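Chemist: Just one file: data10.txt, with compact mmCIF, C-alpha atoms.
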```txt
# COMPACT_ATOMS: atom_id res chain seq x y z
CA MET A 6 136.58 125.48 63.21
CA ASP A 7 136.63 122.48 65.50
CA ASP A 8 133.79 121.60 67.89
CA LYS A 9 135.52 123.20 70.89
CA ILE A 10 135.66 126.59 69.19
CA ILE A 11 132.05 126.33 68.03
CA ARG A 12 130.87 125.43 71.56
CA THR A 13 132.81 128.34 72.99
CA MET A 14 131.43 130.84 70.47
CA ASP A 15 127.87 129.63 71.03
CA ALA A 16 128.34 130.02 74.79
CA LEU A 17 129.76 133.53 74.38
CA SER A 18 126.65 134.48 72.39
CA ARG A 19 124.41 133.14 75.14
CA ASN A 20 126.36 135.29 77.60
CA LYS A 21 125.73 138.34 75.40
CA MET A 22 129.34 138.65 74.25
CA LYS A 23 129.87 138.89 70.48
CA PRO A 24 132.13 136.11 69.19
CA TYR A 25 134.29 136.29 66.08
CA TYR A 26 136.73 133.87 64.49
CA ALA A 27 139.88 134.80 62.56
CA GLU A 28 141.69 132.09 60.66
CA SER A 29 144.70 134.32 59.98
CA ARG A 30 146.32 137.55 61.11
CA GLU A 31 145.09 139.25 57.96
CA GLU A 32 141.50 138.35 58.84
CA LEU A 33 142.12 139.56 62.40
CA TYR A 34 143.42 142.94 61.24
CA GLU A 35 140.57 143.50 58.78
CA LEU A 36 138.04 142.68 61.48
CA ILE A 37 139.69 145.07 63.93
CA ARG A 38 139.81 147.88 61.36
CA GLU A 39 136.07 147.49 60.79
CA LEU A 40 135.23 147.41 64.51
CA ILE A 41 137.19 150.60 65.35
CA LYS A 42 136.68 152.64 62.18
CA ASP A 43 134.67 155.39 63.93
CA ASP A 44 136.72 155.55 67.15
CA LYS A 45 138.16 158.73 68.63
CA LEU A 46 140.13 157.13 71.51
CA ILE A 47 141.56 153.61 71.75
CA THR A 48 143.35 152.11 74.76
CA ALA A 49 144.68 148.70 75.74
CA GLY A 50 145.71 146.57 78.67
CA GLY A 51 149.05 144.81 78.92
CA SER A 52 148.96 141.69 76.77
CA MET A 53 151.44 139.35 75.15
CA SER A 54 148.65 138.16 72.85
CA LEU A 55 148.21 141.66 71.44
CA LYS A 56 151.96 141.93 70.94
CA GLU A 57 152.49 138.48 69.40
CA SER A 58 149.49 138.84 67.08
CA GLY A 59 150.77 142.17 65.79
CA VAL A 60 147.69 144.04 67.03
CA SER A 61 149.78 146.36 69.21
CA GLU A 62 151.94 147.30 66.21
CA LEU A 63 148.83 147.77 64.06
CA LEU A 64 147.35 150.22 66.56
CA MET A 65 150.63 152.10 67.00
CA SER A 66 151.21 152.49 63.25
CA GLU A 67 147.73 153.01 61.83
CA TYR A 68 145.99 154.86 64.66
CA LYS A 69 148.51 157.45 65.82
CA GLY A 70 146.80 160.25 67.69
CA ILE A 71 143.85 157.99 68.46
CA TYR A 72 145.55 155.05 70.17
CA LEU A 73 146.95 155.87 73.61
CA ASP A 74 149.58 153.37 74.76
CA ARG A 75 151.03 153.05 78.25
CA SER A 76 154.51 153.37 76.75
CA GLU A 77 153.75 157.05 76.20
CA GLY A 78 153.79 157.61 79.95
CA LYS A 79 157.16 158.93 81.13
CA THR A 80 156.44 158.73 84.86
CA PRO A 81 154.30 156.46 87.07
CA ASP A 82 151.74 159.27 87.36
CA GLU A 83 151.54 159.62 83.58
CA VAL A 84 151.11 155.86 83.17
CA ASN A 85 148.33 155.84 85.77
CA ASP A 86 146.65 158.70 83.94
CA ILE A 87 146.69 156.62 80.74
CA PHE A 88 145.18 153.71 82.68
CA ARG A 89 142.33 155.96 83.83
CA LYS A 90 141.67 157.29 80.33
CA ALA A 91 140.71 153.73 79.37
CA PHE A 92 137.39 154.26 81.14
CA VAL A 93 136.35 156.98 78.67
CA SER A 94 137.77 155.33 75.55
CA ASP A 95 135.71 154.11 72.62
CA THR A 96 137.54 150.79 72.51
CA PHE A 97 139.67 148.94 75.03
CA PHE A 98 141.81 146.07 73.74
CA SER A 99 142.84 143.15 75.90
CA SER A 100 143.31 139.43 75.89
CA THR A 101 142.13 137.01 78.54
CA ASN A 102 144.01 134.61 80.76
CA ALA A 103 141.53 131.89 79.91
CA LEU A 104 138.33 131.48 77.89
CA THR A 105 136.02 128.71 79.02
CA GLU A 106 133.84 126.59 76.78
CA GLU A 107 131.00 127.90 78.96
CA GLY A 108 131.56 131.35 77.45
CA GLU A 109 133.29 132.99 80.41
CA LEU A 110 136.42 135.14 80.53
CA TYR A 111 138.68 134.24 83.45
CA ASN A 112 141.34 136.74 84.48
CA ILE A 113 143.76 137.33 87.33
CA ASP A 114 145.23 140.82 87.55
CA GLY A 115 147.81 142.70 89.59
CA ASN A 116 146.99 146.42 89.42
CA GLY A 117 143.42 145.75 88.34
CA ASN A 118 143.37 148.34 85.56
CA ARG A 119 142.88 145.70 82.87
CA VAL A 120 139.99 143.82 84.47
CA SER A 121 138.39 147.08 85.64
CA ALA A 122 138.17 148.39 82.08
CA MET A 123 136.86 145.07 80.85
CA ILE A 124 134.03 145.30 83.37
CA PHE A 125 133.02 148.94 82.99
CA GLY A 126 133.86 152.17 81.17
CA PRO A 127 134.93 151.77 77.53
CA LYS A 128 132.13 151.73 74.97
CA GLN A 129 133.42 148.42 73.65
CA VAL A 130 136.01 145.87 74.72
CA ILE A 131 137.79 143.77 72.10
CA VAL A 132 139.37 140.62 73.47
CA VAL A 133 141.92 138.88 71.23
CA ALA A 134 142.48 135.28 72.27
CA GLY A 135 144.46 132.47 70.69
CA VAL A 136 143.00 128.98 70.61
CA ASN A 137 145.43 128.01 73.37
CA LYS A 138 143.39 130.11 75.84
CA ILE A 139 140.29 127.92 75.51
CA VAL A 140 139.67 125.65 78.53
CA LYS A 141 136.78 123.47 79.63
CA ASP A 142 135.54 125.31 82.71
CA ARG A 143 136.44 127.62 85.63
CA ASP A 144 138.46 124.97 87.44
CA GLU A 145 140.63 124.37 84.38
CA ALA A 146 140.91 128.13 83.88
CA LYS A 147 142.18 128.63 87.42
CA ARG A 148 144.72 125.83 87.01
CA ARG A 149 145.90 127.26 83.70
CA VAL A 150 146.57 130.67 85.21
CA GLU A 151 148.20 129.47 88.43
CA GLU A 152 150.27 126.68 86.91
CA TYR A 153 151.30 128.41 83.70
CA ALA A 154 150.22 131.96 82.85
CA ALA A 155 150.95 133.76 86.13
CA PRO A 156 154.49 132.39 86.59
CA LYS A 157 155.28 133.16 82.93
CA ASN A 158 153.99 136.72 83.25
CA ALA A 159 155.78 137.30 86.57
CA ALA A 160 159.06 136.22 84.98
CA ARG A 161 158.42 138.38 81.88
CA LEU A 162 157.78 141.42 84.05
CA ASN A 163 160.83 140.71 86.24
CA CYS A 164 158.63 140.55 89.32
CA GLN A 165 160.39 139.55 92.51
CA THR A 166 157.96 136.75 93.27
CA PRO A 167 158.63 133.11 94.15
CA CYS A 168 156.85 131.92 90.98
CA ALA A 169 159.10 134.06 88.77
CA LYS A 170 162.09 132.17 90.14
CA THR A 171 160.66 128.64 90.43
CA GLY A 172 158.19 128.69 87.55
CA LYS A 173 155.48 127.41 89.90
CA CYS A 174 152.74 129.07 91.91
CA GLU A 175 153.94 129.31 95.51
CA ARG A 176 150.61 128.08 96.87
CA LEU A 177 150.73 125.00 94.66
CA ARG A 178 154.43 124.44 95.27
CA SER A 179 154.54 124.78 99.04
CA GLY A 180 150.94 124.75 100.14
CA LYS A 181 151.43 128.22 101.63
CA PRO A 182 149.87 131.47 100.35
CA CYS A 183 152.03 133.81 98.31
CA GLU A 184 152.78 136.87 100.44
CA SER A 185 155.23 138.54 98.09
CA PRO A 186 154.85 142.35 97.89
CA ALA A 187 155.29 142.00 94.13
CA ARG A 188 152.50 139.43 93.79
CA ILE A 189 150.54 139.84 90.53
CA CYS A 190 147.66 137.51 91.44
CA CYS A 191 145.56 140.09 93.29
CA SER A 192 142.18 140.35 91.57
CA TYR A 193 140.34 137.24 90.38
CA VAL A 194 137.59 138.18 87.91
CA ILE A 195 135.12 136.03 85.97
CA LEU A 196 133.13 137.74 83.23
CA GLY A 197 129.96 135.81 82.53
CA GLN A 198 126.61 136.99 81.22
CA GLN A 199 126.72 140.69 80.38
CA ARG A 200 124.20 143.47 80.99
CA VAL A 201 125.10 145.30 77.76
CA PRO A 202 124.78 142.88 74.83
CA ASP A 203 127.80 142.72 72.50
CA ARG A 204 129.77 145.41 74.36
CA ILE A 205 132.46 142.76 74.82
CA LYS A 206 133.64 141.26 71.56
CA VAL A 207 135.84 138.16 71.63
CA ILE A 208 137.99 137.38 68.58
CA ILE A 209 139.28 133.81 68.66
CA VAL A 210 142.37 133.54 66.50
CA ASN A 211 143.47 130.20 65.06
CA GLN A 212 146.96 130.55 66.54
CA GLU A 213 148.63 130.10 69.87
CA LEU A 214 149.06 133.56 71.38
CA GLY A 215 150.45 134.74 74.69
CA TYR A 216 150.38 132.97 78.02
```
Just dump the structure as structure tokens.
Modeler:
Amino acid sequence: MDDKIIRTMDALSRNKMKPYYAESREELYELIRELIKDDKLITAGGSMSLKESGVSELLMSEYKGIYLDRSEGKTPDEVNDIFRKAFVSDTFFSSTNALTEEGELYNIDGNGNRVSAMIFGPKQVIVVAGVNKIVKDRDEAKRRVEEYAAPKNAARLNCQTPCAKTGKCERLRSGKPCESPARICCSYVILGQQRVPDRIKVIIVNQELGY
């Protein structure tokens, strides 16, 4: 591990979030299997990191009947019901838009279901983050999301937003606020020091994952 990862893990510990490090996908999977071995209900937020790391496939294949995925919803109401079940799940999986060296999780969300579950509800939250998500501080985290992650996600989700078309945040591009009805930058959430020690577990993976 380089110094940046060590600083980040130390800061997460000070903020009462449990840090882990996985050098490979195999180490990541074994760690996840150990952390969720007694679970009865597992849920997840939308995440390219979970998909690219293979965690989504792991949950779908090895935890059928326990893992509830949004893809199982056939209608908007059914999908929303799955979102709400996250609050009573044993484990909620997510990534983070940015992870600061000060041990904070920085996220911008559209519907808010992902950040809501990270804040409250599930017994534990497991955050899977590639080394590319680590930034110096909140200012760098905000820039990373606005300049890179949000436009990439808007394009991936086929959102009819200016950033999906231009690749740049509308506020940064034109100096005007984004007023698109499809805007995905709605809730800005910073998770710092936690009330419940180690409820949030952050697995830093030695790969570049997601946006």
Chemist: So that I can see what lies close to segment 200-213 of chain A, please list as a PDB file with C-alpha atoms, keeping the file's coordinate frame the residues with an atom at most 8 Å from it, counting only C-alpha atoms and leaving out residues fewer than 6 positions away in the same chain.
Modeler:
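Printed below is result19.pdb as written:
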```
ATOM      1  CA  LYS A  21     125.730 138.340  75.400  1.00  0.00           C
ATOM      2  CA  MET A  22     129.340 138.650  74.250  1.00  0.00           C
ATOM      3  CA  LYS A  23     129.870 138.890  70.480  1.00  0.00           C
ATOM      4  CA  PRO A  24     132.130 136.110  69.190  1.00  0.00           C
ATOM      5  CA  TYR A  25     134.290 136.290  66.080  1.00  0.00           C
ATOM      6  CA  TYR A  26     136.730 133.870  64.490  1.00  0.00           C
ATOM      7  CA  ALA A  27     139.880 134.800  62.560  1.00  0.00           C
ATOM      8  CA  GLU A  28     141.690 132.090  60.660  1.00  0.00           C
ATOM      9  CA  SER A  29     144.700 134.320  59.980  1.00  0.00           C
ATOM     10  CA  ARG A  30     146.320 137.550  61.110  1.00  0.00           C
ATOM     11  CA  LEU A  33     142.120 139.560  62.400  1.00  0.00           C
ATOM     12  CA  MET A 123     136.860 145.070  80.850  1.00  0.00           C
ATOM     13  CA  LYS A 128     132.130 151.730  74.970  1.00  0.00           C
ATOM     14  CA  GLN A 129     133.420 148.420  73.650  1.00  0.00           C
ATOM     15  CA  VAL A 130     136.010 145.870  74.720  1.00  0.00           C
ATOM     16  CA  ILE A 131     137.790 143.770  72.100  1.00  0.00           C
ATOM     17  CA  VAL A 132     139.370 140.620  73.470  1.00  0.00           C
ATOM     18  CA  VAL A 133     141.920 138.880  71.230  1.00  0.00           C
ATOM     19  CA  ALA A 134     142.480 135.280  72.270  1.00  0.00           C
ATOM     20  CA  GLY A 135     144.460 132.470  70.690  1.00  0.00           C
ATOM     21  CA  VAL A 136     143.000 128.980  70.610  1.00  0.00           C
ATOM     22  CA  ASN A 137     145.430 128.010  73.370  1.00  0.00           C
ATOM     23  CA  LYS A 138     143.390 130.110  75.840  1.00  0.00           C
TER      24      LYS A 138
END
```
Chemist: Return as CSV the residues of segment 96-168 of chain A lying at most 12 Å from segment 84-89 of chain A, together with the closest atom-to-atom pair for each and the distance in Å to one decimal, counting all atoms listed in the file, with rows in chain order and ascending residue number.
Modeler:
```
residue,atom,partner,partner_atom,distance
A:Phe97,CA,A:Phe88,CA,10.6
A:Asn116,CA,A:Phe88,CA,10.1
A:Gly117,CA,A:Phe88,CA,9.9
A:Asn118,CA,A:Phe88,CA,6.4
A:Arg119,CA,A:Phe88,CA,8.3
A:Val120,CA,A:Phe88,CA,11.3
A:Ser121,CA,A:Arg89,CA,9.9
A:Ala122,CA,A:Arg89,CA,8.8
A:Phe125,CA,A:Arg89,CA,11.7
A:Gly126,CA,A:Arg89,CA,9.7
A:Pro127,CA,A:Arg89,CA,10.6
```
Chemist: Just the number, please: distance in Å from atom CA of Ile10 of chain A to atom CA of Glu151 of chain A, one decimal.
Modeler: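 Interatomic distance here is 23.1 Å.
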Chemist: Hey, can you check how far atom CA of Ser58 of chain A sits from atom CA of Pro81 of chain A?
Modeler: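 It comes out at 27.1 Å.
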Chemist: How close does segment 72-155 of chain A get to segment 165-178 of chain A? List, as JSON lines, each residue of segment 72-155 of chain A within 9 Å, its nearest atom pair and the distance in Å to one decimal, counting all atoms listed in the file.
Modeler:
```
{"residue": "A:Glu151", "atom": "CA", "partner": "A:Cys174", "partner_atom": "CA", "distance": 5.7}
{"residue": "A:Glu152", "atom": "CA", "partner": "A:Lys173", "partner_atom": "CA", "distance": 6.1}
{"residue": "A:Tyr153", "atom": "CA", "partner": "A:Lys173", "partner_atom": "CA", "distance": 7.5}
{"residue": "A:Ala155", "atom": "CA", "partner": "A:Cys174", "partner_atom": "CA", "distance": 7.7}
```
Chemist: Using atom CA of Ser185 of chain A and atom CA of Arg149 of chain A as the two end points, give the distance in Å to one decimal.
Modeler: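 Rounded to one decimal, the two atoms are 20.5 Å apart.
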Chemist: List the spatial neighbours of Arg12 of chain A as a PyMOL selection string - criterion: any atom at most 8 Å away, all atoms listed in the file, same-chain residues fewer than 3 positions off excluded.
Modeler: chain A and resi 8-9+15-16+106-107
Chemist: List as a list in words the protein and nucleic acid residues near Thr101 of chain A, meaning an atom at most 7 Å away when only C-alpha atoms are counted, but skip any in the same chain fewer than 2 places from it.
Modeler: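 Skipping anything fewer than 2 positions along the chain leaves Ser99, Ala103, Leu104, Leu110, Tyr111, Asn112, Val132 and Ala134 of chain A.
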Chemist: Skip Ser192 of chain A itself and residues of its chain fewer than 4 positions away, then list as number ranges by chain all residues within 7 Å of it, counting only C-alpha atoms.
Modeler: A: 113-115, 117
Chemist: Just want the 8 Å neighbourhood of Leu46 of chain A, counted on all atoms listed in the file, with same-chain residues fewer than 2 positions away dropped. Output as a ChimeraX atom specification.
Modeler: /A:44,48,71-73,94-96
Chemist: Go through A:Val140, A:Glu31, A:Ser61, A:Ile47 one by one, measure the shortest atom-to-atom distance of each to Phe92 of chain A using only C-alpha atoms, and give the residue with the smallest value.
Modeler: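 Once distances to Phe92 of chain A are computed over only C-alpha atoms, the minimum belongs to A:Ile47.
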